[in-house]
$ cat final.txt   # compact mmCIF, C-alpha atoms
# COMPACT_ATOMS: atom_id res chain seq x y z
CA MET S 1 1.44 -29.45 -0.67
CA ARG S 2 3.54 -30.55 -3.65
CA ALA S 3 0.59 -30.28 -6.03
CA ALA S 4 0.09 -26.63 -5.04
CA ARG S 5 3.80 -25.98 -5.54
CA LEU S 6 3.75 -27.56 -9.01
CA ILE S 7 0.77 -25.42 -10.01
CA LYS S 8 2.52 -22.30 -8.76
CA MET S 9 5.67 -23.28 -10.68
CA VAL S 10 3.69 -23.57 -13.92
CA LEU S 11 2.06 -20.18 -13.30
CA LEU S 12 5.43 -18.58 -12.63
CA LEU S 13 6.86 -19.95 -15.86
CA GLN S 14 3.75 -18.94 -17.75
CA SER S 15 4.04 -15.34 -16.54
CA ARG S 16 7.73 -14.91 -17.49
CA PRO S 17 9.86 -15.85 -20.51
CA SER S 18 12.15 -18.04 -18.38
CA MET S 19 13.41 -18.46 -14.82
CA THR S 20 16.58 -19.94 -13.40
CA ALA S 21 16.50 -22.74 -10.88
CA GLY S 22 17.68 -20.29 -8.24
CA GLU S 23 14.88 -17.83 -8.99
CA LEU S 24 12.26 -20.58 -8.84
CA ALA S 25 13.76 -21.93 -5.63
CA ARG S 26 13.51 -18.51 -3.98
CA GLU S 27 9.94 -17.96 -5.16
CA LEU S 28 8.78 -21.40 -4.03
CA GLU S 29 10.97 -21.52 -0.91
CA VAL S 30 12.56 -24.88 -1.76
CA SER S 31 16.01 -26.08 -2.84
CA GLU S 32 17.26 -26.03 -6.43
CA ARG S 33 17.39 -29.83 -6.32
CA THR S 34 13.65 -29.84 -5.54
CA ILE S 35 13.07 -27.54 -8.53
CA THR S 36 14.88 -30.05 -10.76
CA ARG S 37 12.69 -32.89 -9.51
CA ASP S 38 9.52 -30.78 -9.87
CA ALA S 39 10.41 -29.84 -13.44
CA GLN S 40 10.88 -33.51 -14.29
CA ALA S 41 7.54 -34.38 -12.67
CA LEU S 42 5.77 -31.69 -14.71
CA SER S 43 7.39 -32.93 -17.91
CA GLU S 44 6.29 -36.51 -17.17
CA ALA S 45 2.75 -35.18 -16.56
CA GLY S 46 2.66 -33.63 -20.04
CA VAL S 47 3.54 -30.03 -19.17
CA PRO S 48 6.20 -28.93 -21.71
CA VAL S 49 8.86 -27.61 -19.32
CA TYR S 50 12.18 -27.15 -21.09
CA ALA S 51 15.55 -26.65 -19.35
CA ASP S 52 18.14 -24.43 -21.05
CA ARG S 53 21.65 -25.43 -20.06
CA GLY S 54 24.57 -23.12 -19.31
CA ARG S 55 25.26 -20.05 -17.17
CA THR S 56 22.36 -18.06 -18.60
CA GLY S 57 20.04 -21.03 -18.81
CA GLY S 58 16.84 -21.70 -16.97
CA TYR S 59 13.41 -23.21 -17.22
CA ARG S 60 10.68 -22.17 -19.66
CA LEU S 61 7.47 -23.41 -21.19
CA VAL S 62 7.60 -24.25 -24.88
CA GLY S 63 5.06 -24.24 -27.66
CA GLY S 64 2.99 -21.36 -26.24
CA TYR S 65 1.69 -23.65 -23.52
CA ARG S 66 -0.92 -22.04 -21.25
CA THR S 67 -2.66 -23.63 -18.28
CA ARG S 68 -6.31 -23.10 -17.50
CA LEU S 69 -5.54 -22.88 -13.79
CA THR S 70 -5.87 -19.09 -13.83
CA GLY S 71 -9.49 -18.76 -12.67
CA LEU S 72 -9.69 -16.67 -9.51
CA ALA S 73 -11.25 -18.21 -6.43
CA ARG S 74 -13.74 -15.99 -4.58
CA GLY S 75 -11.36 -15.22 -1.72
CA GLU S 76 -8.53 -14.43 -4.12
CA ALA S 77 -10.73 -12.09 -6.16
CA GLU S 78 -11.84 -10.23 -3.01
CA ALA S 79 -8.25 -9.94 -1.80
CA LEU S 80 -7.14 -8.65 -5.20
CA PHE S 81 -9.14 -5.45 -4.71
CA LEU S 82 -7.02 -4.81 -1.61
CA SER S 83 -3.69 -5.54 -3.28
CA GLY S 84 -2.64 -1.91 -2.90
CA VAL S 85 -2.46 -2.35 0.89
CA PRO S 86 -0.08 -5.30 1.43
CA GLY S 87 0.52 -4.40 5.06
CA ALA S 88 -3.19 -4.52 5.82
CA LEU S 89 -3.55 -7.86 4.01
CA ARG S 90 -0.66 -9.29 5.98
CA GLU S 91 -2.21 -8.19 9.29
CA MET S 92 -5.53 -9.80 8.35
CA GLY S 93 -3.79 -13.05 7.38
CA LEU S 94 -4.63 -12.69 3.68
CA ASP S 95 -1.17 -12.18 2.17
CA ASP S 96 -0.95 -15.75 0.77
CA VAL S 97 -4.36 -15.44 -0.87
CA SER S 98 -3.46 -12.08 -2.36
CA SER S 99 -0.12 -13.40 -3.65
CA ALA S 100 -1.83 -16.31 -5.39
CA ALA S 101 -4.41 -13.97 -6.94
CA ARG S 102 -1.77 -11.60 -8.31
CA LEU S 103 0.20 -14.50 -9.73
CA LYS S 104 -2.87 -15.89 -11.52
CA VAL S 105 -3.67 -12.50 -13.00
CA SER S 106 -0.07 -12.06 -14.13
CA ALA S 107 -0.12 -15.46 -15.80
CA ALA S 108 -3.36 -14.65 -17.63
CA LEU S 109 -2.15 -11.32 -19.01
CA LEU S 110 -0.72 -10.75 -22.43
CA PRO S 111 3.11 -10.66 -22.45
CA SER S 112 3.07 -6.92 -23.17
CA LEU S 113 1.09 -6.30 -19.97
CA ARG S 114 2.99 -8.50 -17.54
CA ASP S 115 4.92 -5.60 -16.08
CA ALA S 116 1.64 -3.97 -14.97
CA SER S 117 2.02 -5.03 -11.34
CA ASP S 118 5.56 -3.64 -11.09
CA SER S 119 4.52 -0.45 -12.86
CA ALA S 120 1.61 0.09 -10.47
CA ALA S 121 3.77 -0.63 -7.43
CA GLN S 122 6.18 2.12 -8.48
CA ARG S 123 3.34 4.63 -8.82
CA PHE S 124 1.09 3.95 -5.83
CA HIS S 125 1.72 3.14 -2.19
CA LEU S 126 -0.63 3.42 0.78
CA ASP S 127 1.01 4.17 4.14
CA ALA S 128 -1.95 3.81 6.49
CA PRO S 129 -0.45 4.37 9.97
CA GLY S 130 -0.18 7.88 11.34
CA TRP S 131 3.06 9.72 11.97
CA TYR S 132 5.10 9.35 15.15
CA GLN S 133 3.62 6.08 16.27
CA GLU S 134 4.65 2.47 15.95
CA PRO S 135 1.73 0.50 14.45
CA GLU S 136 0.67 -2.61 16.36
CA THR S 137 -1.36 -5.46 14.89
CA PRO S 138 -4.24 -6.41 17.22
CA GLU S 139 -3.95 -10.04 18.26
CA LEU S 140 -7.54 -10.90 17.32
CA LEU S 141 -7.55 -9.16 13.92
CA PRO S 142 -7.07 -12.38 11.86
CA VAL S 143 -9.99 -14.01 13.72
CA LEU S 144 -12.30 -11.10 12.97
CA ALA S 145 -11.05 -10.87 9.38
CA GLU S 146 -11.86 -14.55 8.82
CA ALA S 147 -15.36 -13.98 10.21
CA VAL S 148 -15.87 -10.93 7.96
CA TRP S 149 -14.87 -12.82 4.80
CA GLY S 150 -16.97 -15.85 5.75
CA ASP S 151 -20.07 -13.95 7.00
CA ARG S 152 -19.82 -15.84 10.31
CA LEU S 153 -21.12 -14.73 13.69
CA VAL S 154 -18.59 -13.96 16.42
CA ALA S 155 -18.92 -14.45 20.18
CA ALA S 156 -16.81 -11.73 21.74
CA ARG S 157 -15.87 -9.99 24.96
CA TYR S 158 -15.27 -6.27 24.51
CA ARG S 159 -13.51 -3.91 26.92
CA ARG S 160 -15.55 -0.78 27.58
CA GLN S 161 -13.77 1.54 30.03
CA ASP S 162 -13.31 -0.53 33.22
CA THR S 163 -15.76 -3.30 32.33
CA GLU S 164 -16.09 -6.11 29.79
CA VAL S 165 -19.31 -6.85 27.94
CA GLU S 166 -20.28 -10.00 26.05
CA ARG S 167 -21.64 -9.59 22.55
CA GLU S 168 -22.64 -11.77 19.62
CA LEU S 169 -21.64 -9.82 16.53
CA ALA S 170 -22.33 -10.04 12.82
CA PRO S 171 -19.09 -8.48 11.51
CA TYR S 172 -19.80 -6.71 8.21
CA GLY S 173 -16.48 -5.03 7.52
CA LEU S 174 -13.06 -3.88 8.72
CA VAL S 175 -11.69 -0.34 8.52
CA LEU S 176 -8.07 0.75 8.94
CA LYS S 177 -7.97 4.38 10.06
CA ALA S 178 -4.59 6.02 10.75
CA GLY S 179 -3.05 2.73 11.86
CA VAL S 180 -6.01 1.70 14.06
CA TRP S 181 -8.28 -1.21 13.09
CA TYR S 182 -12.06 -1.04 13.57
CA VAL S 183 -14.78 -3.60 12.87
CA CYS S 184 -18.26 -2.48 11.79
CA ALA S 185 -20.71 -5.04 13.09
CA CYS S 186 -24.40 -5.57 13.70
CA SER S 187 -25.25 -6.32 17.35
CA GLN S 188 -28.69 -6.49 18.93
CA GLY S 189 -30.28 -5.18 15.75
CA ALA S 190 -28.07 -2.10 15.34
CA PHE S 191 -24.84 -1.35 13.50
CA ARG S 192 -21.94 -0.24 15.70
CA VAL S 193 -18.20 0.39 15.45
CA TYR S 194 -15.71 -1.46 17.67
CA ARG S 195 -11.96 -0.94 18.05
CA VAL S 196 -10.28 -4.27 17.34
CA ASP S 197 -7.57 -3.76 19.98
CA ARG S 198 -10.26 -3.55 22.68
CA PHE S 199 -11.53 -7.09 22.14
CA ALA S 200 -10.58 -9.31 25.09
CA SER S 201 -11.67 -12.43 23.19
CA ALA S 202 -13.32 -13.35 19.90
CA GLU S 203 -14.47 -16.76 18.70
CA THR S 204 -15.77 -17.43 15.20
CA LEU S 205 -19.01 -19.42 15.35
CA GLN S 206 -20.16 -21.98 12.80
CA GLU S 207 -23.42 -20.11 12.27
CA ARG S 208 -23.48 -17.67 9.35
CA PHE S 209 -25.45 -14.44 9.24
CA SER S 210 -27.49 -13.15 6.30
CA ARG S 211 -25.78 -10.00 5.08
CA ASP S 212 -27.97 -6.93 4.54
CA GLU S 213 -27.17 -6.15 0.91
CA SER S 214 -28.13 -2.50 1.41
CA PHE S 215 -25.30 -1.99 3.92
CA ASP S 216 -22.69 0.41 2.51
CA LEU S 217 -19.44 0.15 4.46
CA PRO S 218 -17.76 3.37 3.16
CA GLY S 219 -20.95 5.38 3.65
CA PHE S 220 -21.58 3.93 7.12
CA TRP S 221 -18.00 4.66 8.21
CA GLU S 222 -18.10 8.23 6.90
CA GLU S 223 -21.34 8.90 8.77
CA ARG S 224 -20.14 7.38 12.05
CA ALA S 225 -16.75 9.11 11.84
CA ALA S 226 -18.50 12.46 11.42
CA GLU S 227 -20.80 11.68 14.37
CA PHE S 228 -17.81 10.75 16.51
CA ALA S 229 -15.97 13.95 15.64
CA ARG S 230 -19.07 16.01 16.51
CA SER S 231 -19.55 14.16 19.80
CA LEU S 232 -16.12 15.35 20.96
CA LEU S 233 -17.09 19.02 20.58
CA ARG S 234 -18.78 19.52 23.96
CA THR S 235 -17.77 23.15 24.65
CA GLU S 236 -18.41 26.42 22.80
CA VAL S 237 -16.21 29.50 22.56
CA VAL S 238 -16.96 32.88 21.00
CA ILE S 239 -14.12 34.40 19.00
CA ARG S 240 -13.43 37.38 16.74
CA LEU S 241 -11.33 36.76 13.63
CA SER S 242 -9.41 38.89 11.16
CA PRO S 243 -9.79 37.96 7.47
CA ASP S 244 -6.56 35.94 7.72
CA GLY S 245 -7.83 34.29 10.89
CA ALA S 246 -11.07 33.28 9.16
CA ARG S 247 -9.07 31.80 6.29
CA LEU S 248 -6.78 29.83 8.62
CA LEU S 249 -9.39 28.68 11.14
CA PRO S 250 -10.20 25.35 9.35
CA TYR S 251 -6.51 24.42 9.55
CA ALA S 252 -6.29 25.13 13.30
CA VAL S 253 -9.43 23.42 14.67
CA ASP S 254 -11.87 20.69 13.61
CA ARG S 255 -12.41 21.43 9.93
CA ALA S 256 -16.12 20.58 9.77
CA ALA S 257 -16.87 22.61 12.91
CA ALA S 258 -14.91 25.58 11.58
CA ARG S 259 -16.67 25.56 8.21
CA GLU S 260 -20.11 25.32 9.82
CA ALA S 261 -19.31 28.16 12.24
CA LEU S 262 -18.00 30.36 9.43
CA ALA S 263 -21.04 29.63 7.26
CA THR S 264 -23.54 30.57 10.02
CA ALA S 265 -21.68 33.64 11.35
CA ASP S 266 -23.02 37.17 10.98
CA PRO S 267 -21.41 39.38 8.31
CA PRO S 268 -18.07 41.03 9.20
CA ASP S 269 -18.16 44.38 11.03
CA ASP S 270 -16.94 47.65 9.56
CA ARG S 271 -13.35 46.65 10.38
CA GLY S 272 -13.70 43.37 8.49
CA LEU S 273 -13.66 41.31 11.72
CA LEU S 274 -15.89 38.25 11.99
CA THR S 275 -17.48 37.16 15.27
CA LEU S 276 -18.67 33.56 15.61
CA ALA S 277 -19.45 30.76 18.06
CA LEU S 278 -17.17 27.75 17.61
CA PRO S 279 -17.74 24.23 19.05
CA VAL S 280 -14.54 22.82 20.57
CA GLU S 281 -13.53 19.70 22.45
CA SER S 282 -12.57 21.52 25.65
CA GLU S 283 -11.18 24.83 26.88
CA ASP S 284 -7.68 23.35 27.05
CA VAL S 285 -7.87 22.07 23.48
CA ALA S 286 -9.26 25.40 22.25
CA TYR S 287 -6.37 27.21 23.95
CA SER S 288 -3.72 25.12 22.20
CA GLN S 289 -5.48 25.24 18.82
CA LEU S 290 -6.48 28.91 18.68
CA LEU S 291 -3.14 30.09 20.02
CA THR S 292 -1.64 29.06 16.66
CA LEU S 293 -3.62 31.89 15.01
CA GLY S 294 -1.72 34.51 17.05
CA PRO S 295 -3.01 38.08 16.65
CA ASP S 296 -5.60 37.00 14.05
CA VAL S 297 -7.98 35.71 16.75
CA GLU S 298 -9.48 37.32 19.85
CA VAL S 299 -11.27 35.17 22.41
CA LEU S 300 -14.42 36.86 23.72
CA ARG S 301 -15.94 34.07 25.81
CA PRO S 302 -15.61 32.24 28.11
CA ALA S 303 -13.86 34.72 30.37
CA THR S 304 -11.50 32.06 31.74
CA LEU S 305 -10.17 31.31 28.26
CA ARG S 306 -9.88 35.02 27.44
CA ASP S 307 -7.82 35.49 30.60
CA ARG S 308 -5.48 32.68 29.53
CA PHE S 309 -4.93 34.35 26.16
CA ALA S 310 -4.30 37.70 27.84
CA GLU S 311 -1.70 36.09 30.09
CA ALA S 312 -0.07 34.38 27.11
CA SER S 313 0.05 37.73 25.31
CA ARG S 314 1.75 39.39 28.29
CA ARG S 315 4.30 36.61 28.56
CA MET S 316 5.14 36.79 24.85
CA ARG S 317 5.50 40.56 25.02
CA THR S 318 7.87 40.25 27.97
CA LEU S 319 9.82 37.52 26.18
CA TYR S 320 10.34 39.55 23.01
CA GLU S 321 11.07 42.84 24.80

$ encode --input "final.txt" --output "structure tokens"
Amino acid sequence: MRAARLIKMVLLLQSRPSMTAGELARELEVSERTITRDAQALSEAGVPVYADRGRTGGYRLVGGYRTRLTGLARGEAEALFLSGVPGALREMGLDDVSSAARLKVSAALLPSLRDASDSAAQRFHLDAPGWYQEPETPELLPVLAEAVWGDRLVAARYRRQDTEVERELAPYGLVLKAGVWYVCACSQGAFRVYRVDRFASAETLQERFSRDESFDLPGFWEERAAEFARSLLRTEVVIRLSPDGARLLPYAVDRAAAREALATADPPDDRGLLTLALPVESEDVAYSQLLTLGPDVEVLRPATLRDRFAEASRRMRTLYE
């Protein structure tokens, strides 16, 4: 434990011109007295740590000393590519690894580039969770994250509606989508997507799996997300749109479904109105979505939905009269 702290102290001093005992104590989460003892131990070991006395004093390395302890470990290098999402790293249990990686990179940079991490932090921030919801970290996320990084099989129980199923998974990757964690895993010879918060249990096994190097996590997720969105569109409505309604349709309903319907529709009639068939999730969802288009949309079928729009129109007319 102390050896790791001494190494981190050297890296901190190497990445900055000087640091006070208080600053080092806060970074290393120890007392200032411990910092004094650690500095003495480093000096006795041949590391040229020099203490400046006085109110503005502190500790620094002299003689341009540089340690060779800046090589990134594999886990640190992998975590570094995710350093723009500190919240996600923390939830996966990788914040310590990421912190060590950033510190090593900072120590290895030229003095003129050592503010790069602060500069980037002021220019980029990823806020993954969606609006109006309090994000919750799934209890088993760190277990699955450890299995993903180590290419280890997982024995799991997964909640599917009112039942639980047992699965042995080869977890290839994790995805954070609008505050919800998913694991993309191979099970029974096929790749599937599982919501992490639906795992009832997960145990990392000692056995490793051989990763299919052709597997592309971003591409796989994009394909499955599109399939999922299409699977929700189980109903079809026929509508007539004004030019403004056609322009606004992708902002009111599923964007991919709207674009496909617009692209395959017949040409506008002599009044410029466009008639098309639109896949929707349900009649209720279509009512709430298409109502936002107001007089720029007319529902033709089904008759039950058209009747609901007619009733809404009568109620609005009465309200505004």

$ closest_residue --input "final.txt" --among "S:Glu23, S:Glu29, S:Asp38, S:Glu236" --to "S:Val285" --atoms "only C-alpha atoms"
S:Glu236

$ closest_residue --input "final.txt" --among "S:Asp244, S:Asp269, S:Glu260, S:Asp212" --to "S:Gly294" --atoms "all atoms listed in the file"
S:Asp244

$ residues_around --input "final.txt" --residues "S:Gly58" --least-positions-apart "6" --cutoff "12 Å" --atoms "all atoms listed in the file" --output "PDB file with C-alpha atoms, keeping the file's coordinate frame"
ATOM      1  CA  LEU S  13       6.860 -19.950 -15.860  1.00  0.00           C
ATOM      2  CA  ARG S  16       7.730 -14.910 -17.490  1.00  0.00           C
ATOM      3  CA  PRO S  17       9.860 -15.850 -20.510  1.00  0.00           C
ATOM      4  CA  SER S  18      12.150 -18.040 -18.380  1.00  0.00           C
ATOM      5  CA  MET S  19      13.410 -18.460 -14.820  1.00  0.00           C
ATOM      6  CA  THR S  20      16.580 -19.940 -13.400  1.00  0.00           C
ATOM      7  CA  ALA S  21      16.500 -22.740 -10.880  1.00  0.00           C
ATOM      8  CA  GLY S  22      17.680 -20.290  -8.240  1.00  0.00           C
ATOM      9  CA  GLU S  23      14.880 -17.830  -8.990  1.00  0.00           C
ATOM     10  CA  LEU S  24      12.260 -20.580  -8.840  1.00  0.00           C
ATOM     11  CA  ALA S  25      13.760 -21.930  -5.630  1.00  0.00           C
ATOM     12  CA  GLU S  32      17.260 -26.030  -6.430  1.00  0.00           C
ATOM     13  CA  ILE S  35      13.070 -27.540  -8.530  1.00  0.00           C
ATOM     14  CA  THR S  36      14.880 -30.050 -10.760  1.00  0.00           C
ATOM     15  CA  ALA S  39      10.410 -29.840 -13.440  1.00  0.00           C
ATOM     16  CA  VAL S  49       8.860 -27.610 -19.320  1.00  0.00           C
ATOM     17  CA  TYR S  50      12.180 -27.150 -21.090  1.00  0.00           C
ATOM     18  CA  ALA S  51      15.550 -26.650 -19.350  1.00  0.00           C
ATOM     19  CA  ASP S  52      18.140 -24.430 -21.050  1.00  0.00           C
TER      20      ASP S  52
END

$ residues_around --input "final.txt" --residues "S:Leu205" --least-positions-apart "6" --cutoff "7 Å" --atoms "all atoms listed in the file" --output "PDB file with C-alpha atoms, in the frame of the given file"
ATOM      1  CA  ARG S 152     -19.820 -15.840  10.310  1.00  0.00           C
ATOM      2  CA  LEU S 153     -21.120 -14.730  13.690  1.00  0.00           C
ATOM      3  CA  VAL S 154     -18.590 -13.960  16.420  1.00  0.00           C
ATOM      4  CA  ALA S 155     -18.920 -14.450  20.180  1.00  0.00           C
TER       5      ALA S 155
END

$ closest_residue --input "final.txt" --among "S:Ala226, S:Val237, S:Leu176, S:Ala277" --to "S:Ala256" --atoms "only C-alpha atoms"
S:Ala226

$ atom_distance --input "final.txt" --atom1 "atom CA of S:Val47" --atom2 "atom CA of S:Arg2"
15.5 Å

$ atom_distance --input "final.txt" --atom1 "atom CA of S:Tyr182" --atom2 "atom CA of S:Arg234"
24.0 Å

$ closest_residue --input "final.txt" --among "S:Asp296, S:Arg192, S:Ala185, S:Ser288" --to "S:Arg240" --atoms "all atoms listed in the file"
S:Asp296

$ residues_around --input "final.txt" --residues "S:Gly245" --least-positions-apart "5" --cutoff "12 Å" --atoms "all atoms listed in the file" --output "list in words"
Ile239, Arg240, Pro250, Tyr251, Ala252, Val253, Ala258, Leu262, Gly272, Leu273, Leu274, Thr275, Leu276, Leu290, Leu291, Thr292, Leu293, Gly294, Pro295, Asp296, Val297 and Glu298 of chain S
